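Here is coords_3.cif, consisting of mmCIF, C-alpha atoms and all ligand atoms:
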data_model
loop_
_atom_site.label_atom_id
_atom_site.label_comp_id
_atom_site.auth_asym_id
_atom_site.auth_seq_id
_atom_site.Cartn_x
_atom_site.Cartn_y
_atom_site.Cartn_z
CA MET A 227 -86.71 31.01 46.04
CA ALA A 228 -88.52 32.79 48.90
CA SER A 229 -85.44 34.93 49.58
CA THR A 230 -85.30 36.05 46.00
CA THR A 231 -86.40 39.59 45.33
CA HIS A 232 -87.45 40.27 41.77
CA ILE A 233 -88.93 43.31 40.24
CA ILE A 234 -90.20 43.30 36.71
CA GLY A 235 -91.07 46.80 35.82
CA ASN A 236 -91.25 49.37 33.14
CA LEU A 237 -88.40 51.74 33.95
CA SER A 238 -89.53 54.12 31.26
CA SER A 239 -92.14 55.30 33.74
CA TRP A 240 -89.28 56.40 36.03
CA LEU A 241 -87.96 58.56 33.27
CA HIS A 242 -91.32 60.34 33.05
CA PRO A 243 -92.61 59.92 36.58
CA ILE A 244 -96.07 61.07 37.63
CA GLN A 245 -95.70 63.21 40.77
CA PRO A 246 -98.89 63.45 42.78
CA ASN A 247 -98.48 65.02 46.24
CA ASN A 248 -94.68 65.24 46.15
CA SER A 249 -94.25 61.47 45.78
CA ARG A 250 -93.35 59.69 42.59
CA ARG A 251 -95.65 56.82 41.67
CA CYS A 252 -94.26 54.43 39.11
CA PHE A 253 -96.39 51.83 37.38
CA PHE A 254 -95.02 48.39 36.67
CA LYS A 255 -95.94 45.74 34.16
CA PRO A 256 -97.68 42.53 35.33
CA CYS A 257 -95.37 40.43 37.38
CA THR A 258 -95.29 36.74 38.17
CA PHE A 259 -93.41 36.75 41.47
CA PRO A 260 -95.13 36.77 44.86
CA ILE A 261 -93.78 39.85 46.73
CA PHE A 262 -91.12 42.37 45.88
CA LYS A 263 -89.11 44.99 47.68
CA LEU A 264 -86.57 47.41 46.25
CA LYS A 265 -84.43 49.88 48.10
CA ALA A 266 -82.38 52.30 46.03
CA THR A 267 -80.64 55.52 46.92
CA ASN A 268 -83.32 57.87 45.72
CA PHE A 269 -86.38 55.80 46.37
CA ALA A 270 -87.66 53.11 48.67
CA GLY A 271 -90.84 51.16 48.33
CA THR A 272 -92.67 47.91 48.03
CA VAL A 273 -93.72 46.55 44.68
CA ARG A 274 -96.72 44.28 44.79
CA ALA A 275 -97.17 41.41 42.40
CA PHE A 276 -100.65 42.05 41.16
CA SER A 277 -101.73 42.83 37.65
CA THR A 278 -100.62 46.45 38.02
CA ALA A 279 -98.02 46.76 40.76
CA PHE A 280 -96.76 50.16 41.91
CA ILE A 281 -94.00 51.74 43.88
CA ASP A 282 -94.29 54.92 45.94
CA THR A 283 -91.04 56.77 46.20
CA LYS A 284 -89.60 59.38 48.54
CA PRO A 285 -86.56 61.66 48.26
CA ALA A 286 -83.10 60.25 48.87
CA ASP A 287 -81.77 59.71 52.37
CA GLU A 288 -78.38 61.22 52.99
CA ILE A 289 -75.60 58.80 52.03
CA VAL A 290 -73.82 57.44 55.07
CA VAL A 291 -70.46 55.73 54.73
CA GLU A 292 -71.06 52.25 56.02
CA LYS A 293 -69.02 50.70 58.83
CA GLY A 294 -66.97 47.60 58.09
CA VAL A 295 -65.83 48.61 54.60
CA SER A 296 -62.28 47.81 53.60
CA THR A 297 -59.58 50.36 54.45
CA ASN A 298 -56.78 48.25 52.99
CA LYS A 299 -55.26 50.05 50.01
CA ASN A 300 -52.95 47.18 49.09
CA VAL A 301 -55.48 45.16 47.12
CA LEU A 302 -53.60 44.53 43.86
CA ALA A 303 -52.33 40.98 43.50
CA CYS A 304 -50.18 39.04 41.07
CA PRO A 305 -52.47 37.37 38.48
CA ILE A 306 -50.25 34.27 38.64
CA CYS A 307 -50.10 33.50 42.37
CA TYR A 308 -52.61 36.01 43.86
CA GLU A 309 -50.00 37.21 46.37
CA PRO A 310 -50.10 40.99 47.05
CA LEU A 311 -48.02 43.15 44.71
CA THR A 312 -45.46 45.60 46.05
CA LEU A 313 -45.47 49.06 44.52
CA ILE A 314 -41.98 50.28 43.71
CA GLY A 315 -41.46 54.03 43.56
CA ASP A 316 -44.61 56.11 44.06
CA SER A 317 -46.24 55.61 47.41
CA SER A 318 -49.69 55.17 45.88
CA LEU A 319 -51.04 54.07 42.51
CA SER A 320 -53.54 56.18 40.57
CA ILE A 321 -54.29 57.21 36.99
CA ASP A 322 -51.68 59.97 37.34
CA SER A 323 -48.85 57.72 38.43
CA THR A 324 -49.28 54.57 36.30
CA SER A 325 -46.68 55.71 33.72
CA THR A 326 -43.95 55.56 36.37
CA SER A 327 -45.31 52.59 38.31
CA LYS A 328 -43.74 49.23 38.78
CA LEU A 329 -45.48 46.50 40.73
CA GLN A 330 -43.51 43.53 41.86
CA CYS A 331 -44.53 40.04 42.90
CA LYS A 332 -41.98 38.81 45.38
CA THR A 333 -43.17 35.20 44.99
CA CYS A 334 -43.13 34.95 41.19
CA LYS A 335 -40.29 37.49 40.82
CA LYS A 336 -42.31 39.16 38.09
CA THR A 337 -42.54 42.93 37.62
CA TYR A 338 -45.64 44.56 36.10
CA ILE A 339 -44.87 47.89 34.46
CA GLY A 340 -47.43 50.63 33.97
CA ASN A 341 -47.73 52.77 30.85
CA LYS A 342 -49.26 56.24 30.34
CA THR A 343 -52.85 55.05 30.67
CA HIS A 344 -52.93 51.84 32.72
CA VAL A 345 -51.08 49.04 34.43
CA ASP A 346 -51.22 45.68 32.66
CA LEU A 347 -51.98 42.94 35.19
CA ARG A 348 -52.68 40.04 32.85
CA ALA A 349 -50.72 36.82 33.35
CA ALA A 350 -49.42 37.36 29.79
CA SER A 351 -48.39 40.95 30.51
CA GLY A 352 -45.01 41.88 29.02
CA LEU A 353 -44.84 38.89 26.64
CA LYS A 354 -43.65 39.67 23.12
CA GLU A 355 -44.12 36.44 21.14
CA TYR A 356 -47.19 34.95 22.84
CA ALA A 357 -50.73 36.43 22.88
CA ASP A 358 -53.79 34.80 24.44
CA PRO A 359 -56.46 33.85 21.88
CA MET A 360 -59.71 35.53 22.97
CA PRO A 361 -63.26 35.08 21.58
CA PRO A 362 -64.66 37.70 19.15
CA ALA A 363 -66.89 39.20 21.89
CA THR A 364 -63.70 40.20 23.74
CA GLU A 365 -61.58 41.07 20.69
CA LEU A 366 -64.27 43.35 19.20
CA PHE A 367 -63.86 45.87 22.01
CA ARG A 368 -60.09 45.99 21.54
CA LEU A 369 -60.55 47.64 18.14
CA PRO A 370 -59.60 51.34 18.34
CA LEU A 371 -62.68 52.39 16.30
CA VAL A 372 -65.12 50.43 18.48
CA SER A 373 -63.50 51.85 21.64
CA PHE A 374 -63.74 55.37 20.20
CA LEU A 375 -67.40 54.95 19.19
CA TYR A 376 -68.45 53.19 22.39
CA GLU A 377 -69.47 56.27 24.38
CA ARG A 378 -70.20 58.25 21.25
CA GLY A 379 -73.36 56.43 20.19
CA TRP A 380 -72.75 52.66 20.56
CA ARG A 381 -73.67 52.47 24.26
CA GLN A 382 -76.62 54.86 23.83
CA ASN A 383 -78.19 52.27 21.46
CA PHE A 384 -78.68 49.93 24.43
CA ALA A 385 -81.76 52.06 25.19
CA LEU A 386 -83.45 50.09 22.40
CA GLY A 387 -83.19 47.00 24.62
CA GLY A 388 -84.55 48.82 27.68
CA PHE A 389 -81.30 50.09 29.26
CA PRO A 390 -82.41 53.24 31.10
CA GLY A 391 -79.17 55.17 30.46
CA LYS A 392 -76.03 55.73 32.50
CA GLU A 393 -77.44 58.24 35.02
CA LYS A 394 -80.45 56.05 35.87
CA GLU A 395 -78.32 52.87 35.89
CA PHE A 396 -75.87 54.61 38.22
CA GLU A 397 -78.73 55.54 40.58
CA LEU A 398 -80.07 51.98 40.54
CA ALA A 399 -76.61 50.52 41.15
CA LYS A 400 -76.06 52.90 44.08
CA GLY A 401 -79.19 51.47 45.68
CA TYR A 402 -77.66 47.99 45.68
CA LEU A 403 -74.24 49.34 46.73
CA LYS A 404 -75.54 51.15 49.80
CA PRO A 405 -74.14 48.57 52.28
CA VAL A 406 -70.59 49.09 50.94
CA LEU A 407 -70.45 52.86 50.42
CA GLY A 408 -67.12 54.30 51.52
CA GLY A 409 -65.28 51.15 50.48
CA ASN A 410 -63.37 50.25 47.32
CA ILE A 411 -65.03 49.26 44.06
CA ILE A 412 -63.91 47.53 40.88
CA ASP A 413 -65.74 48.60 37.73
CA ALA A 414 -65.20 45.28 35.96
CA SER A 415 -65.18 45.44 32.15
CA CYS A 416 -65.49 49.19 32.48
CA GLY A 417 -65.24 49.88 28.74
CA SER A 418 -64.43 53.57 28.29
CA GLY A 419 -65.11 54.07 31.99
CA LEU A 420 -68.53 55.73 31.91
CA PHE A 421 -69.41 54.29 35.32
CA SER A 422 -65.86 54.28 36.74
CA ARG A 423 -65.79 58.05 36.28
CA LEU A 424 -69.18 58.46 37.94
CA PHE A 425 -68.08 56.25 40.86
CA ALA A 426 -64.87 58.30 41.31
CA LYS A 427 -66.64 61.66 41.05
CA SER A 428 -69.46 60.64 43.39
CA GLY A 429 -67.05 60.59 46.33
CA LEU A 430 -68.91 57.53 47.59
CA PHE A 431 -65.96 55.14 47.31
CA SER A 432 -62.47 55.25 48.79
CA MET A 433 -60.92 53.84 45.61
CA VAL A 434 -62.16 52.94 42.13
CA VAL A 435 -60.41 50.46 39.85
CA ALA A 436 -61.52 50.67 36.22
CA LEU A 437 -60.68 47.24 34.80
CA ASP A 438 -60.97 46.04 31.23
CA TYR A 439 -59.27 43.62 28.85
CA SER A 440 -59.22 46.22 26.07
CA GLU A 441 -56.22 48.54 26.14
CA ASN A 442 -58.06 50.88 23.75
CA MET A 443 -61.11 51.14 26.01
CA LEU A 444 -58.74 52.06 28.87
CA GLN A 445 -57.09 54.63 26.60
CA GLN A 446 -60.54 56.17 25.99
CA CYS A 447 -61.23 56.24 29.72
CA TYR A 448 -57.89 57.98 30.30
CA GLU A 449 -58.68 60.60 27.65
CA PHE A 450 -62.15 61.29 29.07
CA VAL A 451 -60.60 61.80 32.53
CA GLU A 452 -57.90 64.10 31.11
CA LYS A 453 -60.60 66.30 29.53
CA GLU A 454 -62.49 66.78 32.80
CA GLU A 455 -61.65 69.62 35.13
CA ASN A 456 -61.22 68.87 38.83
CA PHE A 457 -61.50 65.12 38.32
CA PRO A 458 -60.44 63.31 41.53
CA LYS A 459 -57.62 61.41 39.80
CA GLU A 460 -56.18 60.12 43.06
CA LYS A 461 -59.31 57.95 43.42
CA LEU A 462 -59.04 56.14 40.07
CA THR A 463 -56.65 53.49 38.76
CA LEU A 464 -56.90 51.87 35.32
CA VAL A 465 -56.00 48.18 35.11
CA ARG A 466 -55.85 45.85 32.13
CA ALA A 467 -56.87 42.36 33.20
CA ASP A 468 -58.91 39.33 32.24
CA ILE A 469 -62.15 39.03 34.16
CA SER A 470 -61.42 35.31 34.69
CA ARG A 471 -58.10 36.09 36.42
CA LEU A 472 -58.65 39.12 38.63
CA PRO A 473 -55.45 40.69 39.99
CA PHE A 474 -56.77 41.32 43.48
CA VAL A 475 -56.07 39.82 46.87
CA SER A 476 -58.80 37.40 48.00
CA SER A 477 -61.52 38.97 50.21
CA SER A 478 -60.14 42.50 49.73
CA ILE A 479 -62.87 44.19 47.66
CA ASP A 480 -66.07 45.83 48.91
CA ALA A 481 -67.92 46.06 45.60
CA VAL A 482 -67.78 44.89 42.00
CA HIS A 483 -69.84 46.61 39.33
CA ALA A 484 -70.09 45.06 35.86
CA GLY A 485 -72.20 47.09 33.43
CA ALA A 486 -73.40 45.44 30.22
CA ALA A 487 -70.53 42.99 30.29
CA ILE A 488 -71.35 39.46 31.50
CA HIS A 489 -72.71 38.49 28.06
CA CYS A 490 -69.26 39.36 26.58
CA TRP A 491 -67.20 37.34 29.06
CA PRO A 492 -65.56 34.16 27.74
CA SER A 493 -66.71 32.18 30.79
CA PRO A 494 -69.32 33.91 32.97
CA SER A 495 -69.02 31.18 35.62
CA SER A 496 -65.21 31.55 35.93
CA ALA A 497 -65.67 35.32 36.09
CA VAL A 498 -68.36 35.22 38.80
CA ALA A 499 -66.24 32.71 40.75
CA GLU A 500 -63.32 35.18 40.56
CA ILE A 501 -65.56 38.05 41.65
CA SER A 502 -66.72 35.93 44.58
CA ARG A 503 -63.08 35.19 45.50
CA VAL A 504 -62.06 38.86 45.63
CA LEU A 505 -65.18 40.14 47.44
CA ARG A 506 -64.80 40.41 51.20
CA PRO A 507 -67.57 38.99 53.43
CA GLY A 508 -70.56 41.30 52.93
CA GLY A 509 -69.09 42.59 49.63
CA VAL A 510 -71.59 43.28 46.83
CA LEU A 511 -71.74 42.41 43.13
CA VAL A 512 -74.05 44.46 40.90
CA ALA A 513 -74.26 43.75 37.19
CA THR A 514 -76.38 44.56 34.15
CA THR A 515 -76.95 42.73 30.90
CA PHE A 516 -79.59 41.71 28.36
CA ILE A 517 -82.10 38.87 28.71
CA LEU A 518 -83.52 37.49 25.49
CA ASP A 519 -86.90 36.23 26.66
CA GLY A 520 -90.37 37.46 25.75
CA PRO A 521 -90.76 37.53 21.93
CA PHE A 522 -87.46 35.67 21.50
CA THR A 523 -88.91 32.54 23.10
CA PHE A 524 -91.34 32.24 20.15
CA ILE A 525 -88.51 31.94 17.62
CA PRO A 526 -88.38 28.24 16.60
CA PHE A 527 -85.26 26.46 17.88
CA PHE A 528 -84.14 29.64 19.66
CA GLY A 529 -82.16 27.58 22.21
CA ILE A 530 -80.17 25.85 19.47
CA ILE A 531 -79.72 29.07 17.48
CA SER A 532 -78.43 30.97 20.51
CA GLN A 533 -76.02 28.11 21.34
CA LYS A 534 -74.58 28.27 17.83
CA LEU A 535 -74.34 32.07 17.96
CA THR A 536 -72.50 31.77 21.29
CA GLN A 537 -70.01 29.33 19.73
CA ILE A 538 -69.36 31.72 16.84
CA SER A 539 -69.36 35.10 18.60
CA GLY A 540 -68.42 34.28 22.18
CA ASN A 541 -71.45 36.32 23.29
CA ARG A 542 -73.70 34.58 25.81
CA PHE A 543 -77.46 34.90 25.22
CA PHE A 544 -79.17 34.75 28.60
CA GLN A 545 -82.80 33.71 28.55
CA SER A 546 -83.96 34.21 32.14
CA GLU A 547 -82.95 35.95 35.36
CA ARG A 548 -82.91 32.54 37.04
CA GLU A 549 -79.64 31.84 35.17
CA PHE A 550 -77.96 34.66 37.15
CA GLU A 551 -79.48 33.53 40.41
CA GLU A 552 -78.16 30.01 39.81
CA LEU A 553 -74.74 31.31 38.74
CA CYS A 554 -74.39 33.57 41.78
CA GLY A 555 -75.50 30.78 44.11
CA ALA A 556 -73.08 28.30 42.55
CA CYS A 557 -70.24 30.77 43.15
CA GLY A 558 -71.11 31.31 46.80
CA LEU A 559 -73.03 34.60 46.51
CA VAL A 560 -76.31 35.08 48.37
CA GLY A 561 -79.25 37.50 48.58
CA PHE A 562 -79.91 37.59 44.84
CA GLN A 563 -82.09 40.49 43.66
CA CYS A 564 -82.91 41.83 40.23
CA ILE A 565 -84.76 44.54 38.33
CA ARG A 566 -86.08 44.15 34.77
CA ASN A 567 -87.09 46.52 32.02
CA GLN A 568 -87.74 44.91 28.63
CA ARG A 569 -84.44 43.14 27.77
CA PHE A 570 -82.47 45.02 30.46
CA VAL A 571 -81.70 43.35 33.77
CA MET A 572 -79.75 44.62 36.76
CA PHE A 573 -78.95 41.98 39.36
CA SER A 574 -77.09 41.94 42.62
CA ALA A 575 -75.82 39.40 45.12
CA ARG A 576 -73.38 39.52 48.01
CA LYS A 577 -70.73 37.45 49.71
CA PRO A 578 -72.12 35.99 52.96
CA SER A 579 -70.93 37.92 56.04
C1 LIG B 601 -70.40 46.23 26.25
S1 LIG B 601 -68.92 46.74 27.03
C2 LIG B 601 -69.48 47.35 28.61
C3 LIG B 601 -68.79 48.63 29.01
C4 LIG B 601 -69.37 49.35 30.23
N1 LIG B 601 -69.18 48.58 31.44
C5 LIG B 601 -70.81 49.69 30.08
O1 LIG B 601 -71.57 49.56 31.05
O2 LIG B 601 -71.20 50.17 29.03
C6 LIG B 601 -68.22 45.17 27.46
C7 LIG B 601 -66.78 45.31 27.95
O3 LIG B 601 -66.35 44.00 28.37
C8 LIG B 601 -64.96 43.94 28.13
N2 LIG B 601 -64.51 42.53 28.15
C9 LIG B 601 -64.79 41.56 27.24
N3 LIG B 601 -64.14 40.44 27.57
C10 LIG B 601 -63.44 40.70 28.71
C11 LIG B 601 -62.56 39.92 29.51
N4 LIG B 601 -62.25 38.65 29.23
N5 LIG B 601 -62.02 40.50 30.61
C12 LIG B 601 -62.30 41.79 30.93
N6 LIG B 601 -63.12 42.57 30.19
C13 LIG B 601 -63.68 42.03 29.08
C14 LIG B 601 -64.82 44.60 26.77
O4 LIG B 601 -63.49 45.00 26.51
C15 LIG B 601 -65.79 45.76 26.88
O5 LIG B 601 -65.15 46.94 27.28
#
Let me see the structure of the file written as structure tokens.
Ligand SMILES: C[S@@+](CC[C@H](N)C(=O)[O-])C[C@H]1O[C@@H](n2cnc3c(N)ncnc32)[C@H](O)[C@@H]1O
Amino acid sequence: MASTTHIIGNLSSWLHPIQPNNSRRCFFKPCTFPIFKLKATNFAGTVRAFSTAFIDTKPADEIVVEKGVSTNKNVLACPICYEPLTLIGDSSLSIDSTSTSKLQCKTCKKTYIGNKTHVDLRAASGLKEYADPMPPATELFRLPLVSFLYERGWRQNFALGGFPGKEKEFELAKGYLKPVLGGNIIDASCGSGLFSRLFAKSGLFSMVVALDYSENMLQQCYEFVEKEENFPKEKLTLVRADISRLPFVSSSIDAVHAGAAIHCWPSPSSAVAEISRVLRPGGVLVATTFILDGPFTFIPFFGIISQKLTQISGNRFFQSEREFEELCGACGLVGFQCIRNQRFVMFSARKPS
């Protein structure tokens, strides 16, 4: 536990920072962990674990592309055998070329065909009679109306649970992703691609894969990209896939980001195991979700109630950040860190070098 870095803070103070003498001083809520350190792109400081801890911040250092990041562009793999896929036709795959793309697995002799918006790399891709049964938490986001509303109000409601908003979350994630800047990143369960688009436009990554199970979320992402002028389309590829069966070559990925998604995944442990498989040594996972602790722990039989709700909805109700630390550790990820604000948590861990 000594290696664990936890910060429990009130991020709302970052949204209205006090700025004495050119430095931002952010006040944090009481914290129960012994010593804390957070480094993010636009601030660096030590958070102390006393009744009122604080962090002094300084302006961002210039982003430097880190050495050792992956330069291999051939990272897509067959979801059946995990052997690399061969692209037929276009010399590179991006959001602009998926409609004419064909990816072939020479081992399974299966061809994956792209459509206008994305390439479908599920094991069940192309099947006409059979469809995988998925839990409601996954199926909900496949509905065209939910996909349409997601970035038009639905996601903004997460602020009620303490989510600081996409710009602030992006800044926080960049802090954790610093060791892998310049490499490739998968935005896992990207939804309508709010972060995938930011990753692509930031110029901080060589390639961004926006991955989701919902074809309608991917459609929304495609439409948002189409509406933007000067979007770096060559950097972004949209992939339909199941988080528990990632279509990437083992040890080929520098970073995986998963915003507000792990609670929707049918099996978080299978998903984190898959993420661990595809991350290269030193590769980083950063994820956000909700933790239902605090007032929720006073609800009688909350454990039993949340279990039942999980069985019905497929949504997982996490009750402490230690669950993520345990999960990451069990899947071979190290250096667990996390930040809290009310029900919001962002955590990160990496593949050992
Ligand atoms: C709440 S949204 C998060 C979207 C976005 N990342 C964000 O930060 O707002 C959860 C996403 O998880 C996706 N999802 C659910 N089950 C999945 C699965 N088995 N494989 C891949 N994605 C899945 C949903 O389609 C949905 O887009």
Around ligand LIG 601 (chain B), which protein and nucleic acid residues have at least one atom no more than 6 Å from it, if we count all atoms listed in the file? List them as a ChimeraX atom specification. /A:364,367,381,415-417,438-440,443,467-469,484-487,490-492
Export, as a PDB file, in the coordinates of the input, the selected residues with C-alpha atoms.
ATOM      1  CA  THR A 364     -63.700  40.200  23.740  1.00  0.00           C
ATOM      2  CA  PHE A 367     -63.860  45.870  22.010  1.00  0.00           C
ATOM      3  CA  ARG A 381     -73.670  52.470  24.260  1.00  0.00           C
ATOM      4  CA  SER A 415     -65.180  45.440  32.150  1.00  0.00           C
ATOM      5  CA  CYS A 416     -65.490  49.190  32.480  1.00  0.00           C
ATOM      6  CA  GLY A 417     -65.240  49.880  28.740  1.00  0.00           C
ATOM      7  CA  ASP A 438     -60.970  46.040  31.230  1.00  0.00           C
ATOM      8  CA  TYR A 439     -59.270  43.620  28.850  1.00  0.00           C
ATOM      9  CA  SER A 440     -59.220  46.220  26.070  1.00  0.00           C
ATOM     10  CA  MET A 443     -61.110  51.140  26.010  1.00  0.00           C
ATOM     11  CA  ALA A 467     -56.870  42.360  33.200  1.00  0.00           C
ATOM     12  CA  ASP A 468     -58.910  39.330  32.240  1.00  0.00           C
ATOM     13  CA  ILE A 469     -62.150  39.030  34.160  1.00  0.00           C
ATOM     14  CA  ALA A 484     -70.090  45.060  35.860  1.00  0.00           C
ATOM     15  CA  GLY A 485     -72.200  47.090  33.430  1.00  0.00           C
ATOM     16  CA  ALA A 486     -73.400  45.440  30.220  1.00  0.00           C
ATOM     17  CA  ALA A 487     -70.530  42.990  30.290  1.00  0.00           C
ATOM     18  CA  CYS A 490     -69.260  39.360  26.580  1.00  0.00           C
ATOM     19  CA  TRP A 491     -67.200  37.340  29.060  1.00  0.00           C
ATOM     20  CA  PRO A 492     -65.560  34.160  27.740  1.00  0.00           C
TER      21      PRO A 492
END
Point (-52.8, 58.3, 37.6), cut-off 8 Å, counting only C-alpha atoms, residues as an MDAnalysis selection string: chainID A and resid 319:325 343 459:460 462:464
For Tyr338 (chain A), please output as an mmCIF file with C-alpha atoms, in the coordinates of the input all residues within 7 Å (counting only C-alpha atoms; exclusion window: fewer than 2 positions along the same chain).
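Writing done, so here's selection_14.cif:
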data_model
loop_
_atom_site.group_PDB
_atom_site.id
_atom_site.type_symbol
_atom_site.label_atom_id
_atom_site.label_comp_id
_atom_site.auth_asym_id
_atom_site.auth_seq_id
_atom_site.Cartn_x
_atom_site.Cartn_y
_atom_site.Cartn_z
ATOM 1 C CA LYS A 328 -43.740 49.230 38.780
ATOM 2 C CA LEU A 329 -45.480 46.500 40.730
ATOM 3 C CA GLN A 330 -43.510 43.530 41.860
ATOM 4 C CA LYS A 336 -42.310 39.160 38.090
ATOM 5 C CA GLY A 340 -47.430 50.630 33.970
ATOM 6 C CA ASP A 346 -51.220 45.680 32.660
ATOM 7 C CA LEU A 347 -51.980 42.940 35.190
#
Can you report as JSON the centre and edge lengths in Å, to one decimal, of an axis-aligned box around the listed atoms of region 357-372 of chain A padded with 8 Å on each side?
{"center_x": -58.8, "center_y": 43.1, "center_z": 20.4, "size_x": 32.2, "size_y": 34.5, "size_z": 24.1}
So which residues fall inside 8 Å of (-64.3, 37.2, 35.8) if we count all atoms listed in the file? Mind giving them as an NGL selection string? :A and (468-472 or 491 or 493-501)
Residue selection dump (C-alpha atoms) as a short mmCIF file (atom, residue, chain, number, x, y, z; two decimals), keeping the file's coordinate frame:
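Okay, selection16.cif is ready:
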data_model
loop_
_atom_site.label_atom_id
_atom_site.label_comp_id
_atom_site.auth_asym_id
_atom_site.auth_seq_id
_atom_site.Cartn_x
_atom_site.Cartn_y
_atom_site.Cartn_z
CA ASP A 468 -58.91 39.33 32.24
CA ILE A 469 -62.15 39.03 34.16
CA SER A 470 -61.42 35.31 34.69
CA ARG A 471 -58.10 36.09 36.42
CA LEU A 472 -58.65 39.12 38.63
CA TRP A 491 -67.20 37.34 29.06
CA SER A 493 -66.71 32.18 30.79
CA PRO A 494 -69.32 33.91 32.97
CA SER A 495 -69.02 31.18 35.62
CA SER A 496 -65.21 31.55 35.93
CA ALA A 497 -65.67 35.32 36.09
CA VAL A 498 -68.36 35.22 38.80
CA ALA A 499 -66.24 32.71 40.75
CA GLU A 500 -63.32 35.18 40.56
CA ILE A 501 -65.56 38.05 41.65
#
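The coordinates place CA of Cys331 (chain A) at 7.0 Å from CA of Pro310 (chain A).
If only C-alpha atoms are the atoms counted, then among A:Gly401, A:Gly387, A:Gly419, A:Gly408 the closest residue to Ser373 (chain A) is A:Gly419.
Across the structure, CA of Glu551 (chain A) and CA of Met433 (chain A) are spaced 28.0 Å apart.
Take the candidates A:Phe516, A:Phe384, A:Tyr356, A:Phe573 and check each one against Gln545 (chain A) using all atoms listed in the file; the shortest distance goes to A:Phe516.
For Ser432 (chain A), the non-local neighbours within 7 Å, defined as residues at least 5 positions apart in the same chain or in other chains and counting all atoms listed in the file, are Gly408, Gly409, Asn410 and Lys461 of chain A.
Between CA of Lys354 (chain A) and CA of Cys447 (chain A) there is a distance of 25.0 Å.
Using all atoms listed in the file for every distance, the candidate list A:Lys392, A:Arg566, A:Lys400, A:Lys577 yields A:Arg566 as the residue closest to Thr515 (chain A).
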Place N, CA and C atoms on region 537-550 of chain A and deliver the coordinates as a JSON list (two decimals), in the frame of the given file.
[["chain", "number", "residue", "atom", "x", "y", "z"],
["A", 537, "GLN", "N", -71.25, 29.98, 20.19],
["A", 537, "GLN", "CA", -70.01, 29.33, 19.73],
["A", 537, "GLN", "C", -69.26, 30.22, 18.74],
["A", 538, "ILE", "N", -70.00, 30.91, 17.87],
["A", 538, "ILE", "CA", -69.36, 31.72, 16.84],
["A", 538, "ILE", "C", -68.84, 33.05, 17.41],
["A", 539, "SER", "N", -69.69, 33.73, 18.19],
["A", 539, "SER", "CA", -69.36, 35.10, 18.60],
["A", 539, "SER", "C", -68.68, 35.19, 19.96],
["A", 540, "GLY", "N", -68.92, 34.18, 20.80],
["A", 540, "GLY", "CA", -68.42, 34.28, 22.18],
["A", 540, "GLY", "C", -69.40, 35.02, 23.07],
["A", 541, "ASN", "N", -70.42, 35.64, 22.49],
["A", 541, "ASN", "CA", -71.45, 36.32, 23.29],
["A", 541, "ASN", "C", -72.40, 35.29, 23.89],
["A", 542, "ARG", "N", -72.76, 35.48, 25.15],
["A", 542, "ARG", "CA", -73.70, 34.58, 25.81],
["A", 542, "ARG", "C", -75.09, 35.20, 25.71],
["A", 543, "PHE", "N", -76.09, 34.39, 25.32],
["A", 543, "PHE", "CA", -77.46, 34.90, 25.22],
["A", 543, "PHE", "C", -78.27, 34.36, 26.38],
["A", 544, "PHE", "N", -78.43, 35.19, 27.42],
["A", 544, "PHE", "CA", -79.17, 34.75, 28.60],
["A", 544, "PHE", "C", -80.67, 34.79, 28.31],
["A", 545, "GLN", "N", -81.37, 33.79, 28.87],
["A", 545, "GLN", "CA", -82.80, 33.71, 28.55],
["A", 545, "GLN", "C", -83.71, 33.87, 29.77],
["A", 546, "SER", "N", -83.12, 33.93, 30.97],
["A", 546, "SER", "CA", -83.96, 34.21, 32.14],
["A", 546, "SER", "C", -83.08, 34.68, 33.29],
["A", 547, "GLU", "N", -83.71, 35.45, 34.22],
["A", 547, "GLU", "CA", -82.95, 35.95, 35.36],
["A", 547, "GLU", "C", -82.56, 34.82, 36.31],
["A", 548, "ARG", "N", -83.25, 33.67, 36.18],
["A", 548, "ARG", "CA", -82.91, 32.54, 37.04],
["A", 548, "ARG", "C", -81.49, 32.03, 36.75],
["A", 549, "GLU", "N", -81.01, 32.24, 35.51],
["A", 549, "GLU", "CA", -79.64, 31.84, 35.17],
["A", 549, "GLU", "C", -78.64, 32.57, 36.07],
["A", 550, "PHE", "N", -78.89, 33.87, 36.32],
["A", 550, "PHE", "CA", -77.96, 34.66, 37.15],
["A", 550, "PHE", "C", -78.07, 34.24, 38.61]]
